[in-house]
$ cat run00.txt   # compact mmCIF, C-alpha atoms
# COMPACT_ATOMS: atom_id res chain seq x y z
CA MET A 1 -30.85 246.53 -67.19
CA ILE A 2 -33.64 245.01 -65.13
CA ASP A 3 -31.39 242.21 -64.05
CA TRP A 4 -28.85 244.68 -62.88
CA MET A 5 -31.48 246.59 -60.91
CA LEU A 6 -32.88 243.41 -59.37
CA THR A 7 -29.44 242.30 -58.37
CA THR A 8 -28.74 245.64 -56.78
CA VAL A 9 -32.02 245.66 -54.87
CA GLY A 10 -31.52 242.10 -53.74
CA LEU A 11 -28.03 242.78 -52.63
CA GLY A 12 -29.20 245.88 -50.77
CA ALA A 13 -32.00 243.98 -49.12
CA GLY A 14 -29.55 241.29 -48.12
CA LEU A 15 -27.22 243.83 -46.60
CA VAL A 16 -30.07 245.46 -44.72
CA GLY A 17 -31.24 242.10 -43.48
CA LEU A 18 -27.73 241.23 -42.41
CA ALA A 19 -27.39 244.51 -40.52
CA ALA A 20 -30.77 244.03 -38.90
CA GLY A 21 -29.79 240.52 -37.93
CA ARG A 22 -26.60 241.72 -36.37
CA ILE A 23 -28.44 244.44 -34.50
CA TRP A 24 -31.02 241.95 -33.24
CA GLY A 25 -28.35 239.51 -32.26
CA ALA A 26 -26.47 242.15 -30.34
CA HIS A 27 -29.68 243.15 -28.62
CA VAL A 28 -30.44 239.60 -27.66
CA THR A 29 -26.90 239.13 -26.40
CA GLU A 30 -27.14 242.30 -24.37
CA ARG A 31 -30.42 241.27 -22.82
CA ARG A 32 -29.03 237.85 -21.99
CA ALA A 33 -25.99 239.42 -20.39
CA ALA A 34 -28.21 241.76 -18.39
CA ARG A 35 -30.35 238.87 -17.31
CA GLU A 36 -27.29 236.93 -16.24
CA LEU A 37 -26.03 239.96 -14.37
CA ASP A 38 -29.37 240.29 -12.66
CA ASP A 39 -29.28 236.62 -11.82
CA GLN A 40 -25.86 237.00 -10.32
CA ARG A 41 -26.97 240.08 -8.35
CA PHE A 42 -30.02 238.26 -7.07
CA ALA A 43 -27.89 235.27 -6.15
CA ALA A 44 -25.47 237.52 -4.27
CA GLN A 45 -28.37 239.18 -2.49
CA ARG A 46 -29.82 235.83 -1.57
CA GLU A 47 -26.47 234.64 -0.31
CA LEU A 48 -26.05 237.83 1.70
CA ALA A 49 -29.51 237.45 3.14
CA ALA A 50 -28.77 233.85 3.98
CA ARG A 51 -25.53 234.83 5.67
CA VAL A 52 -27.22 237.62 7.63
CA LYS A 53 -29.86 235.17 8.71
CA ALA A 54 -27.23 232.65 9.69
CA MET A 55 -25.39 235.31 11.61
CA GLN A 56 -28.55 236.36 13.39
CA HIS A 57 -29.19 232.75 14.21
CA LEU A 58 -25.68 232.37 15.54
CA GLU A 59 -26.02 235.52 17.61
CA ALA A 60 -29.28 234.32 19.04
CA ARG A 61 -27.72 230.99 19.82
CA LEU A 62 -24.69 232.63 21.35
CA GLU A 63 -26.90 234.79 23.50
CA LYS A 64 -28.82 231.77 24.60
CA LEU A 65 -25.64 229.90 25.37
CA SER A 66 -24.31 232.88 27.34
CA ALA A 67 -27.47 233.07 29.33
CA GLU A 68 -27.32 229.35 30.00
CA ALA A 69 -23.68 229.67 30.97
CA ALA A 70 -24.47 232.53 33.32
CA ILE A 71 -27.22 230.51 34.86
CA SER A 72 -25.01 227.49 35.21
CA LEU A 73 -22.25 229.68 36.64
CA SER A 74 -24.55 231.13 39.21
CA GLU A 75 -25.85 227.71 39.95
CA SER A 76 -22.35 226.37 40.27
CA ARG A 77 -21.51 228.92 43.01
CA PRO A 78 -21.35 227.32 46.41
CA THR A 79 -24.82 227.24 47.78
CA THR A 80 -23.52 226.57 51.27
CA PRO A 81 -23.50 229.84 53.22
CA PRO A 82 -20.33 230.87 55.01
CA PRO A 83 -19.99 229.51 58.50
CA THR A 84 -22.26 231.24 60.95
CA ARG A 85 -20.44 230.03 64.00
CA ALA A 86 -16.87 229.29 64.84
CA THR A 87 -16.67 225.55 64.70
CA VAL A 88 -13.56 224.25 66.37
CA ARG A 89 -12.64 222.35 63.24
CA ALA A 90 -12.74 225.52 61.13
CA LEU A 91 -10.73 227.48 63.66
CA GLU A 92 -8.13 224.74 64.07
CA ARG A 93 -7.72 224.61 60.29
CA PHE A 94 -7.31 228.38 60.23
CA VAL A 95 -4.70 228.36 62.98
CA GLY A 96 -2.94 225.42 61.38
CA ARG A 97 -2.49 227.41 58.18
CA LEU A 98 -1.11 230.34 60.15
CA ARG A 99 1.37 228.12 61.95
CA GLY A 100 2.73 227.29 58.54
CA LEU A 101 3.79 230.91 57.98
CA ALA A 102 7.48 231.49 58.42
CA SER A 103 6.97 234.57 60.57
CA VAL A 104 4.55 232.89 63.00
CA ASP A 105 5.92 231.07 66.03
CA GLU A 106 2.61 230.15 67.62
CA ALA A 107 -1.00 231.20 67.18
CA VAL A 108 -4.25 230.71 69.00
CA VAL A 109 -7.83 231.84 68.55
CA ILE A 110 -9.23 233.55 71.61
CA LEU A 111 -12.94 233.99 72.22
CA PRO A 112 -14.30 237.38 73.26
CA ASP A 113 -14.31 236.33 76.90
CA GLY A 114 -10.58 235.67 76.78
CA LEU A 115 -10.75 231.88 76.70
CA PRO A 116 -8.88 229.90 74.04
CA ALA A 117 -10.92 228.27 71.27
CA THR A 118 -8.05 226.31 69.72
CA ARG A 119 -5.35 224.05 71.07
CA CYS A 120 -2.41 225.84 72.58
CA ASP A 121 0.10 224.75 75.20
CA ASP A 122 1.94 228.03 75.28
CA GLU A 123 1.14 229.55 78.68
CA ALA A 124 2.54 232.98 77.81
CA LEU A 125 0.42 233.18 74.70
CA LEU A 126 -2.69 232.06 76.54
CA ARG A 127 -2.09 234.70 79.17
CA ALA A 128 -1.61 237.32 76.47
CA GLY A 129 -4.87 236.10 74.98
CA ALA A 130 -6.70 237.20 78.11
CA LEU A 131 -6.14 240.74 76.81
CA VAL A 132 -8.70 239.93 74.13
CA GLY A 133 -11.40 239.92 76.78
CA GLU A 134 -10.53 243.50 77.60
CA LEU A 135 -10.14 244.54 73.98
CA ALA A 136 -13.51 243.11 73.12
CA ARG A 137 -15.06 245.01 75.97
CA ALA A 138 -13.14 248.21 75.29
CA ASP A 139 -14.37 247.94 71.76
CA GLY A 140 -17.81 249.16 72.69
CA ALA A 141 -16.62 252.19 74.61
CA LEU A 142 -13.46 253.15 72.80
CA GLY A 143 -14.08 252.40 69.16
CA GLY A 144 -13.59 249.69 66.62
CA PHE A 145 -10.23 248.15 67.31
CA ILE A 146 -9.30 245.66 64.65
CA GLY A 147 -5.66 244.96 65.29
CA LEU A 148 -3.01 245.31 67.94
CA SER A 149 0.72 244.71 67.86
CA VAL A 150 2.66 244.54 71.08
CA GLU A 151 6.42 244.67 71.35
CA VAL A 152 7.46 242.88 74.51
CA ARG A 153 10.81 243.14 76.25
CA ARG A 154 12.75 239.87 76.13
CA ALA A 155 10.23 238.12 73.89
CA ASP A 156 9.03 238.11 70.32
CA PRO A 157 6.29 240.59 69.36
CA LEU A 158 2.64 239.66 69.59
CA SER A 159 -0.03 240.38 67.02
CA PHE A 160 -3.73 240.53 67.74
CA ARG A 161 -6.29 240.60 64.94
CA ARG A 162 -10.03 240.55 65.08
CA LEU A 163 -11.45 237.68 63.07
CA PRO A 164 -14.47 237.82 60.73
CA PRO A 165 -17.96 237.90 62.23
CA TRP A 166 -18.58 234.20 61.67
CA THR A 167 -16.15 233.52 64.51
CA GLY A 168 -18.48 235.26 66.91
CA GLY A 169 -16.09 238.08 67.68
CA ALA A 170 -13.01 235.94 68.30
CA TRP A 171 -9.49 237.27 67.91
CA LEU A 172 -6.34 235.73 66.61
CA VAL A 173 -3.30 236.04 68.84
CA ALA A 174 0.00 235.20 67.19
CA ARG A 175 3.60 235.49 68.28
CA GLY A 176 6.26 236.24 65.73
CA ARG A 177 9.32 234.12 65.17
CA GLY A 178 12.42 236.23 65.70
CA GLY A 179 10.47 239.36 64.79
CA PRO A 180 6.99 240.66 64.21
CA VAL A 181 4.40 238.54 62.46
CA ASN A 182 4.08 239.47 58.83
CA GLY A 183 1.09 241.79 58.94
CA LEU A 184 0.26 241.38 55.27
CA ALA A 185 0.18 237.64 55.63
CA LEU A 186 -2.09 237.94 58.63
CA ASP A 187 -4.37 240.39 56.89
CA ALA A 188 -4.51 238.18 53.86
CA ALA A 189 -5.51 235.32 56.10
CA ILE A 190 -8.21 237.34 57.75
CA VAL A 191 -10.13 238.82 54.87
CA GLY A 192 -13.07 240.82 56.01
CA ALA A 193 -11.80 241.53 59.48
CA TYR A 194 -11.45 245.19 58.69
CA ALA A 195 -15.03 245.72 57.64
CA GLU A 196 -17.66 247.74 59.37
CA GLN A 197 -15.39 249.34 61.92
CA ARG A 198 -16.39 252.79 62.99
CA TYR A 199 -16.52 254.91 66.04
CA THR A 200 -19.86 254.77 67.69
CA THR A 201 -19.27 256.94 70.70
CA PRO A 202 -18.57 260.66 70.80
CA PRO A 203 -15.01 261.66 71.63
CA ALA A 204 -14.28 262.01 75.32
CA ARG A 205 -11.64 264.33 76.72
CA LEU A 206 -8.74 263.20 78.84
CA SER A 207 -9.30 263.71 82.48
CA GLY A 208 -6.44 264.76 84.71
CA ALA A 209 -4.39 266.20 81.90
CA THR A 210 -1.75 268.52 83.27
CA HIS A 211 -0.99 270.50 80.12
CA ALA A 212 2.22 271.60 81.80
CA ASP A 213 4.22 273.90 79.57
CA PRO A 214 2.81 272.52 76.36
CA GLY A 215 4.18 275.29 74.17
CA PRO A 216 7.70 274.13 73.28
CA VAL A 217 6.68 270.48 73.19
CA ALA A 218 3.74 271.27 70.97
CA ALA A 219 6.14 273.06 68.65
CA ILE A 220 8.17 269.88 68.32
CA LEU A 221 5.08 267.82 67.71
CA GLY A 222 3.65 270.36 65.31
CA GLY A 223 6.78 270.39 63.16
CA GLU A 224 6.22 266.82 62.11
CA LEU A 225 2.55 267.51 61.63
CA ARG A 226 3.38 270.23 59.13
CA ASP A 227 5.46 267.71 57.22
CA GLY A 228 2.40 265.51 56.96
CA ALA A 229 4.03 262.61 58.74
CA PHE A 230 1.15 262.24 61.16
CA GLY A 231 -2.51 263.01 61.50
CA GLY A 232 -1.99 263.77 65.15
CA VAL A 233 0.66 263.54 67.83
CA ALA A 234 0.29 263.59 71.59
CA LEU A 235 2.81 263.58 74.40
CA ILE A 236 1.69 261.86 77.55
CA ASP A 237 3.40 261.51 80.90
CA ALA A 238 2.29 259.64 83.98
CA SER A 239 0.00 262.47 85.00
CA GLY A 240 -1.84 262.64 81.72
CA LEU A 241 -1.70 264.57 78.50
CA VAL A 242 1.09 267.13 78.28
CA ALA A 243 0.76 268.31 74.73
CA CYS A 244 -1.28 267.43 71.75
CA ALA A 245 -1.38 268.55 68.17
CA ALA A 246 -3.53 267.52 65.24
CA VAL A 247 -4.07 268.34 61.61
CA ASP A 248 -7.37 268.73 59.82
CA GLY A 249 -8.24 265.04 59.89
CA PRO A 250 -8.74 263.92 63.45
CA ASP A 251 -9.41 266.94 65.61
CA ARG A 252 -7.67 267.58 68.88
CA ALA A 253 -10.42 266.04 70.98
CA LEU A 254 -10.25 262.86 68.97
CA VAL A 255 -6.47 262.69 69.27
CA GLU A 256 -6.82 263.12 73.01
CA ARG A 257 -9.29 260.32 73.12
CA LEU A 258 -7.14 258.05 71.01
CA ALA A 259 -4.20 258.77 73.29
CA LEU A 260 -6.31 257.79 76.27
CA ASP A 261 -7.40 254.60 74.53
CA LEU A 262 -3.81 253.83 73.74
CA LEU A 263 -2.71 254.40 77.31
CA HIS A 264 -5.46 252.16 78.61
CA VAL A 265 -4.74 249.34 76.19
CA GLY A 266 -1.00 249.74 76.78
CA ALA A 267 -1.42 249.36 80.51
CA ARG A 268 -3.58 246.28 80.12
CA ALA A 269 -1.21 244.81 77.54
CA ALA A 270 1.62 245.26 80.02
CA HIS A 271 -0.41 243.38 82.60
CA TRP A 272 -1.06 240.40 80.36
CA CYS A 273 1.96 240.33 78.08
CA GLY A 274 4.83 241.60 80.22
CA ASP A 275 7.02 244.66 79.85
CA VAL A 276 5.72 246.49 76.82
CA VAL A 277 8.16 248.61 74.86
CA GLY A 278 5.99 249.40 71.88
CA LEU A 279 2.39 249.28 70.95
CA ARG A 280 0.48 249.62 67.72
CA LEU A 281 -3.23 249.76 67.58
CA ALA A 282 -5.15 249.68 64.32
CA ASN A 283 -8.59 251.16 64.00
CA ALA A 284 -10.81 252.65 61.35
CA LEU A 285 -8.79 255.86 61.24
CA GLY A 286 -5.57 254.16 60.27
CA GLU A 287 -2.72 252.79 62.26
CA TRP A 288 -1.34 254.54 65.29
CA VAL A 289 1.46 253.82 67.67
CA ALA A 290 2.80 254.68 71.10
CA LEU A 291 6.41 254.12 72.03
CA ALA A 292 8.27 255.07 75.21
CA PRO A 293 10.43 257.96 74.03
CA GLY A 294 12.90 257.75 76.88
CA ALA A 295 12.09 261.24 77.98
CA GLY A 296 11.43 261.01 81.68
CA GLY A 297 8.96 258.18 81.26
CA ALA A 298 6.71 260.17 78.97
CA MET A 299 5.32 258.59 75.86
CA VAL A 300 4.59 259.78 72.39
CA ALA A 301 1.32 258.73 70.85
CA ALA A 302 1.36 259.29 67.12
CA PHE A 303 -1.54 258.81 64.77
CA GLY A 304 -1.39 258.08 61.08
CA ALA A 305 -3.07 260.49 58.72
CA GLY A 306 -5.03 257.77 56.97
CA HIS A 307 -1.84 255.74 56.63
CA ALA A 308 0.60 253.92 58.84
CA VAL A 309 2.58 256.06 61.23
CA ASP A 310 5.85 257.34 59.81
CA GLU A 311 8.46 255.52 61.91
CA LEU A 312 11.27 257.87 60.98
CA ALA A 313 9.24 260.93 61.95
CA LEU A 314 8.39 259.24 65.21
CA GLU A 315 12.06 258.58 65.89
CA ARG A 316 12.82 262.23 65.17
CA ILE A 317 10.25 263.35 67.73
CA ARG A 318 11.58 260.90 70.27
CA GLY A 319 15.10 262.11 69.68
CA ARG A 320 14.16 265.75 70.13
CA LEU A 321 12.23 265.01 73.29
CA ARG A 322 15.11 262.96 74.66
CA ARG A 323 17.51 265.81 74.11
CA ARG A 324 15.19 268.20 75.91
CA ALA A 325 14.35 265.91 78.83
CA PRO A 326 16.41 264.89 81.86
CA ALA A 327 17.89 261.40 82.14
CA PRO A 328 15.28 258.82 81.22
CA SER A 329 13.75 256.67 83.87
CA THR A 330 12.84 253.05 83.46
CA GLN A 331 9.17 253.67 83.80
CA GLU A 332 7.17 251.10 81.95
CA LEU A 333 4.10 251.61 79.89
CA ALA A 334 1.99 250.20 82.69
CA SER A 335 1.83 252.85 85.33
CA MET B 1 10.38 235.30 97.48
CA SER B 2 7.03 237.06 97.49
CA ASP B 3 4.74 236.98 100.46
CA ILE B 4 1.49 235.11 99.76
CA ASN B 5 -0.57 238.12 100.82
CA GLY B 6 1.57 240.29 98.57
CA LEU B 7 0.90 238.03 95.61
CA VAL B 8 -2.85 238.10 96.20
CA ARG B 9 -2.78 241.88 96.59
CA GLU B 10 -0.72 242.18 93.41
CA LEU B 11 -3.29 240.15 91.54
CA VAL B 12 -6.25 242.15 92.78
CA GLY B 13 -4.50 245.47 92.35
CA GLY B 14 -3.26 244.66 88.87
CA ASN B 15 -6.57 243.83 87.31
CA PRO B 16 -9.60 246.10 87.58
CA ASP B 17 -11.81 243.17 86.58
CA VAL B 18 -10.87 241.28 89.72
CA MET B 19 -12.96 242.18 92.73
CA GLY B 20 -11.15 239.92 95.15
CA ALA B 21 -9.02 236.81 95.49
CA PHE B 22 -8.21 234.35 98.22
CA VAL B 23 -6.23 231.19 98.88
CA PHE B 24 -7.88 228.44 100.88
CA ASP B 25 -7.09 224.85 101.83
CA ALA B 26 -9.07 221.62 102.04
CA ASP B 27 -10.03 222.33 105.67
CA GLY B 28 -11.57 225.69 104.77
CA ARG B 29 -8.76 227.79 106.22
CA VAL B 30 -8.12 231.02 104.37
CA GLU B 31 -4.39 231.55 103.98
CA ALA B 32 -4.57 234.90 102.27
CA SER B 33 -7.18 237.18 100.83
CA SER B 34 -7.61 240.59 99.29
CA GLY B 35 -10.63 242.53 98.18
CA ALA B 36 -13.23 239.99 99.28
CA PRO B 37 -15.51 241.17 102.10
CA GLU B 38 -15.29 239.08 105.29
CA GLU B 39 -18.89 237.84 105.14
CA LEU B 40 -18.53 236.85 101.49
CA LEU B 41 -15.25 235.13 102.24
CA GLY B 42 -16.81 232.88 104.89
CA ALA B 43 -19.68 231.89 102.65
CA ALA B 44 -17.43 231.40 99.64
CA VAL B 45 -15.02 229.09 101.46
CA ALA B 46 -17.89 227.14 102.99
CA LEU B 47 -19.19 226.49 99.48
CA PHE B 48 -15.91 226.12 97.65
CA VAL B 49 -14.47 223.33 99.81
CA PRO B 50 -17.25 220.81 99.06
CA MET B 51 -17.56 222.08 95.50
CA ARG B 52 -13.87 221.47 94.94
CA ASP B 53 -14.16 217.95 96.40
CA LEU B 54 -17.11 217.22 94.15
CA LEU B 55 -15.36 218.58 91.07
CA GLU B 56 -12.21 216.59 91.83
CA ARG B 57 -14.17 213.38 92.22
CA THR B 58 -16.14 214.15 89.07
CA ALA B 59 -13.01 214.88 87.08
CA ALA B 60 -11.33 211.69 88.31
CA SER B 61 -14.41 209.53 87.73
CA LEU B 62 -14.89 210.83 84.21
CA GLY B 63 -11.28 210.32 83.29
CA CYS B 64 -10.32 213.98 83.23
CA GLY B 65 -7.44 213.45 85.61
CA GLU B 66 -6.66 215.87 88.38
CA MET B 67 -8.82 218.94 88.34
CA GLN B 68 -6.77 222.03 87.62
CA SER B 69 -9.25 224.84 87.17
CA ALA B 70 -12.94 225.56 87.20
CA LEU B 71 -15.02 228.53 86.14
CA VAL B 72 -18.34 229.51 87.61
CA LEU B 73 -20.10 231.74 85.11
CA GLY B 74 -22.86 233.81 86.60
CA ALA B 75 -25.24 236.23 84.96
CA THR B 76 -23.65 239.18 86.69
CA ALA B 77 -20.29 237.90 87.98
CA SER B 78 -17.95 234.96 87.56
CA ILE B 79 -15.42 233.10 89.67
CA GLY B 80 -12.27 231.27 88.63
CA VAL B 81 -10.82 228.52 90.85
CA SER B 82 -7.45 226.84 90.35
CA ASP B 83 -5.77 224.09 92.29
CA VAL B 84 -2.33 224.77 93.73
CA ASP B 85 -1.02 221.50 95.15
CA GLY B 86 -4.00 219.28 95.85
CA VAL B 87 -4.47 220.88 99.26
CA ARG B 88 -4.56 224.57 98.57
CA ALA B 89 -6.63 226.31 95.91
CA VAL B 90 -7.03 229.83 94.62
CA ALA B 91 -10.33 231.60 93.95
CA VAL B 92 -10.59 234.81 91.94
CA LEU B 93 -13.81 236.79 92.11
CA GLY B 94 -14.64 238.79 89.03
CA ALA B 95 -16.30 242.16 88.99
CA GLU B 96 -19.49 242.55 86.99
CA GLY B 97 -18.82 242.02 83.29
CA ALA B 98 -15.30 240.71 83.82
CA PRO B 99 -14.04 238.56 80.92
CA THR B 100 -14.07 235.00 82.16
CA GLY B 101 -10.80 234.20 80.44
CA SER B 102 -9.03 236.81 82.49
CA LEU B 103 -10.33 235.30 85.74
CA LEU B 104 -9.15 231.85 84.70
CA GLN B 105 -5.76 233.18 83.66
CA GLU B 106 -5.35 235.15 86.89
CA SER B 107 -6.26 232.18 89.08
CA GLN B 108 -3.87 229.94 87.15
CA TRP B 109 -1.12 232.55 87.38
CA LEU B 110 -1.48 232.79 91.17
CA ALA B 111 -1.64 229.01 91.54
CA ARG B 112 1.50 228.66 89.42
CA ARG B 113 3.35 231.26 91.46
CA LEU B 114 2.38 229.48 94.68
CA ARG B 115 3.46 226.12 93.25
CA GLU B 116 6.79 227.59 92.25
CA GLY B 117 7.36 228.61 95.84
CA GLY B 118 6.13 232.16 95.83
CA GLY B 119 4.26 233.12 98.94
CA SER B 120 5.63 230.31 101.07
$ encode --input "run00.txt" --output "structure tokens"
Amino acid sequence: MIDWMLTTVGLGAGLVGLAAGRIWGAHVTERRAARELDDQRFAAQRELAARVKAMQHLEARLEKLSAEAAISLSESRPTTPPPTRATVRALERFVGRLRGLASVDEAVVILPDGLPATRCDDEALLRAGALVGELARADGALGGFIGLSVEVRRADPLSFRRLPPWTGGAWLVARGRGGPVNGLALDAAIVGAYAEQRYTTPPARLSGATHADPGPVAAILGGELRDGAFGGVALIDASGLVACAAVDGPDRALVERLALDLLHVGARAAHWCGDVVGLRLANALGEWVALAPGAGGAMVAAFGAGHAVDELALERIRGRLRRRAPAPSTQELAS
Amino acid sequence: MSDINGLVRELVGGNPDVMGAFVFDADGRVEASSGAPEELLGAAVALFVPMRDLLERTAASLGCGEMQSALVLGATASIGVSDVDGVRAVAVLGAEGAPTGSLLQESQWLARRLREGGGS
């Protein structure tokens, strides 16, 4: 009996011990696993921190490199200032490049006093260049002219462009080859020539304007204005302004003044360049043009509304005036 | 063929920057003139004849060849002179502020016209 009891107790104690052992073992295993998990988490956090630090280091380095690059870029910019005077070598190089353009027959740089600054054996072009002396002078009184195109009878058209300030106010005079010089090519070659142009003098009214029967003519001019083809249109005969119309942009007084400028320049261009059949003058207001309309010697001066003059609209006006006027005379622009 | 006086008048009348113009020869004779006052003309020719001689000698001595044109740039006015045929020369007097290039071009234009037979 006692043996049986002792056996039972021993067996029970063994079972309890075994269960306790298992429980302890499981606990130890769990703790180990948790510790390993913590270790892994800490390792991941350390790695993340290390990567963040590396990234910050890279960013700092990149920033430093960028700064150094910017400095070196700025240092690598040409430290030589642009030319402050028109050296003959620079001007000859410039003209040489222009002569290479397909639309340019011959070109010369003319100083503000009308004398050539580059080599040119073309007498007609040199004579046309004398107009620069008058343009440069007219510039102060009449406004900032920056370009002029002259269509000449029995010769290729001439283009005048003011050159950048470093040339000391010189102009380029170029004759087209079989047609007008490519304006875009010229403008591209003369970057900066269009800067800082503005009218400095108050508008002046035309003197001696007849204003004879301006009503019907003004109606013709005004029709195109309403279509937005022009900023202003003026009709001028030998005695002065006949009719004038303008939209909101340039007011009537300004259009009158521009017409007077155009007449003046046209007459001088005819003196230096020969029989002028068309004239374009570019200024800060846009491009404007005067062409003999064939209406009794009168001329139409049309002004772009912040854009180049609409050639088709100009032709329409000329056609209407021609139909209204008696047989055209052969009066030239220079009168 | 244009008359020499007509050519000189055309030049003076066609350019508001030109105050006067005249054609003179090596002996100081004035063949034609327009715009230039008589007293100025006498003084101008008296000065231009020796000046032209001096300039021609200078040009030849320095290897410039025959002198074709000369410009006198003054503070208030300028004068352009161009040779016609070694005997005659043209002088163009500029008004105040006249572009010098225009005076040179005008004097050369008149000299060329005279060389081509105009005004004979």
$ interface_residues --input "run00.txt" --of "chain B" --to "chain A" --cutoff "9 Å" --atoms "all atoms listed in the file" --output "CSV table (one decimal) with C-alpha atoms, in the frame of the given file"
chain,number,residue,atom,x,y,z
B,14,GLY,CA,-3.3,244.7,88.9
B,15,ASN,CA,-6.6,243.8,87.3
B,97,GLY,CA,-18.8,242.0,83.3
B,98,ALA,CA,-15.3,240.7,83.8
B,99,PRO,CA,-14.0,238.6,80.9
B,100,THR,CA,-14.1,235.0,82.2
B,101,GLY,CA,-10.8,234.2,80.4
B,102,SER,CA,-9.0,236.8,82.5
B,103,LEU,CA,-10.3,235.3,85.7
B,104,LEU,CA,-9.2,231.8,84.7
B,105,GLN,CA,-5.8,233.2,83.7
B,106,GLU,CA,-5.4,235.2,86.9
B,109,TRP,CA,-1.1,232.6,87.4
$ closest_residue --input "run00.txt" --among "A:Ala313, A:Val95, A:Ala33, A:Leu148" --to "Gly278 in chain A" --atoms "all atoms listed in the file"
A:Leu148
$ residues_around --input "run00.txt" --residues "Arg99 in chain A" --least-positions-apart "6" --cutoff "10 Å" --atoms "all atoms listed in the file" --output "list in words"
Arg93, Asp105, Glu106, Ala107, Val108, Ala174 and Arg175 of chain A
$ write_last_selection --input "run00.txt" --atoms "C-alpha atoms" --output "tab-separated table (two decimals), keeping the file's coordinate frame"
chain	number	residue	atom	x	y	z
A	93	ARG	CA	-7.72	224.61	60.29
A	105	ASP	CA	5.92	231.07	66.03
A	106	GLU	CA	2.61	230.15	67.62
A	107	ALA	CA	-1.00	231.20	67.18
A	108	VAL	CA	-4.25	230.71	69.00
A	174	ALA	CA	0.00	235.20	67.19
A	175	ARG	CA	3.60	235.49	68.28
$ residues_around --input "run00.txt" --residues "Gly80 in chain B" --least-positions-apart "6" --cutoff "12 Å" --atoms "only C-alpha atoms" --output "short mmCIF file (atom, residue, chain, number, x, y, z; two decimals) with C-alpha atoms, keeping the file's coordinate frame"
data_model
loop_
_atom_site.label_atom_id
_atom_site.label_comp_id
_atom_site.auth_asym_id
_atom_site.auth_seq_id
_atom_site.Cartn_x
_atom_site.Cartn_y
_atom_site.Cartn_z
CA VAL B 18 -10.87 241.28 89.72
CA MET B 19 -12.96 242.18 92.73
CA GLY B 20 -11.15 239.92 95.15
CA ALA B 21 -9.02 236.81 95.49
CA PHE B 22 -8.21 234.35 98.22
CA VAL B 23 -6.23 231.19 98.88
CA PHE B 48 -15.91 226.12 97.65
CA ARG B 52 -13.87 221.47 94.94
CA GLN B 68 -6.77 222.03 87.62
CA SER B 69 -9.25 224.84 87.17
CA ALA B 70 -12.94 225.56 87.20
CA LEU B 71 -15.02 228.53 86.14
CA VAL B 72 -18.34 229.51 87.61
CA LEU B 73 -20.10 231.74 85.11
CA GLY B 74 -22.86 233.81 86.60
CA ALA B 89 -6.63 226.31 95.91
CA VAL B 90 -7.03 229.83 94.62
CA ALA B 91 -10.33 231.60 93.95
CA VAL B 92 -10.59 234.81 91.94
CA LEU B 93 -13.81 236.79 92.11
CA GLY B 94 -14.64 238.79 89.03
CA ALA B 95 -16.30 242.16 88.99
CA ALA B 98 -15.30 240.71 83.82
CA PRO B 99 -14.04 238.56 80.92
CA THR B 100 -14.07 235.00 82.16
CA GLY B 101 -10.80 234.20 80.44
CA SER B 102 -9.03 236.81 82.49
CA LEU B 103 -10.33 235.30 85.74
CA LEU B 104 -9.15 231.85 84.70
CA GLN B 105 -5.76 233.18 83.66
CA GLU B 106 -5.35 235.15 86.89
CA SER B 107 -6.26 232.18 89.08
CA GLN B 108 -3.87 229.94 87.15
CA TRP B 109 -1.12 232.55 87.38
CA LEU B 110 -1.48 232.79 91.17
CA ALA B 111 -1.64 229.01 91.54
#
$ atom_distance --input "run00.txt" --atom1 "CA of Leu263 in chain A" --atom2 "CA of Glu10 in chain B"
20.3 Å
$ atom_distance --input "run00.txt" --atom1 "CA of Thr167 in chain A" --atom2 "CA of Leu281 in chain A"
21.0 Å
$ closest_residue --input "run00.txt" --among "B:Ser61, B:Ser34, B:Ile79, B:Val84" --to "Leu7 in chain B" --atoms "all atoms listed in the file"
B:Ser34
$ atom_distance --input "run00.txt" --atom1 "CA of Gly232 in chain A" --atom2 "CA of Leu321 in chain A"
16.4 Å
$ residues_around --input "run00.txt" --residues "Ala26 in chain B" --least-positions-apart "6" --cutoff "12 Å" --atoms "only C-alpha atoms" --output "list in words"
Val45, Ala46, Leu47, Phe48, Val49, Pro50, Met51, Arg52, Asp53, Glu56, Asp83, Val84, Asp85, Gly86, Val87, Arg88, Ala89 and Val90 of chain B
$ write_last_selection --input "run00.txt" --atoms "C-alpha atoms" --output "tab-separated table (two decimals), in the frame of the given file"
chain	number	residue	atom	x	y	z
B	45	VAL	CA	-15.02	229.09	101.46
B	46	ALA	CA	-17.89	227.14	102.99
B	47	LEU	CA	-19.19	226.49	99.48
B	48	PHE	CA	-15.91	226.12	97.65
B	49	VAL	CA	-14.47	223.33	99.81
B	50	PRO	CA	-17.25	220.81	99.06
B	51	MET	CA	-17.56	222.08	95.50
B	52	ARG	CA	-13.87	221.47	94.94
B	53	ASP	CA	-14.16	217.95	96.40
B	56	GLU	CA	-12.21	216.59	91.83
B	83	ASP	CA	-5.77	224.09	92.29
B	84	VAL	CA	-2.33	224.77	93.73
B	85	ASP	CA	-1.02	221.50	95.15
B	86	GLY	CA	-4.00	219.28	95.85
B	87	VAL	CA	-4.47	220.88	99.26
B	88	ARG	CA	-4.56	224.57	98.57
B	89	ALA	CA	-6.63	226.31	95.91
B	90	VAL	CA	-7.03	229.83	94.62
$ residues_around --input "run00.txt" --residues "Gly274 in chain A" --least-positions-apart "6" --cutoff "12 Å" --atoms "all atoms listed in the file" --output "number ranges by chain"
A: 124-125, 127-128, 131, 150-158, 266-268, 332-334
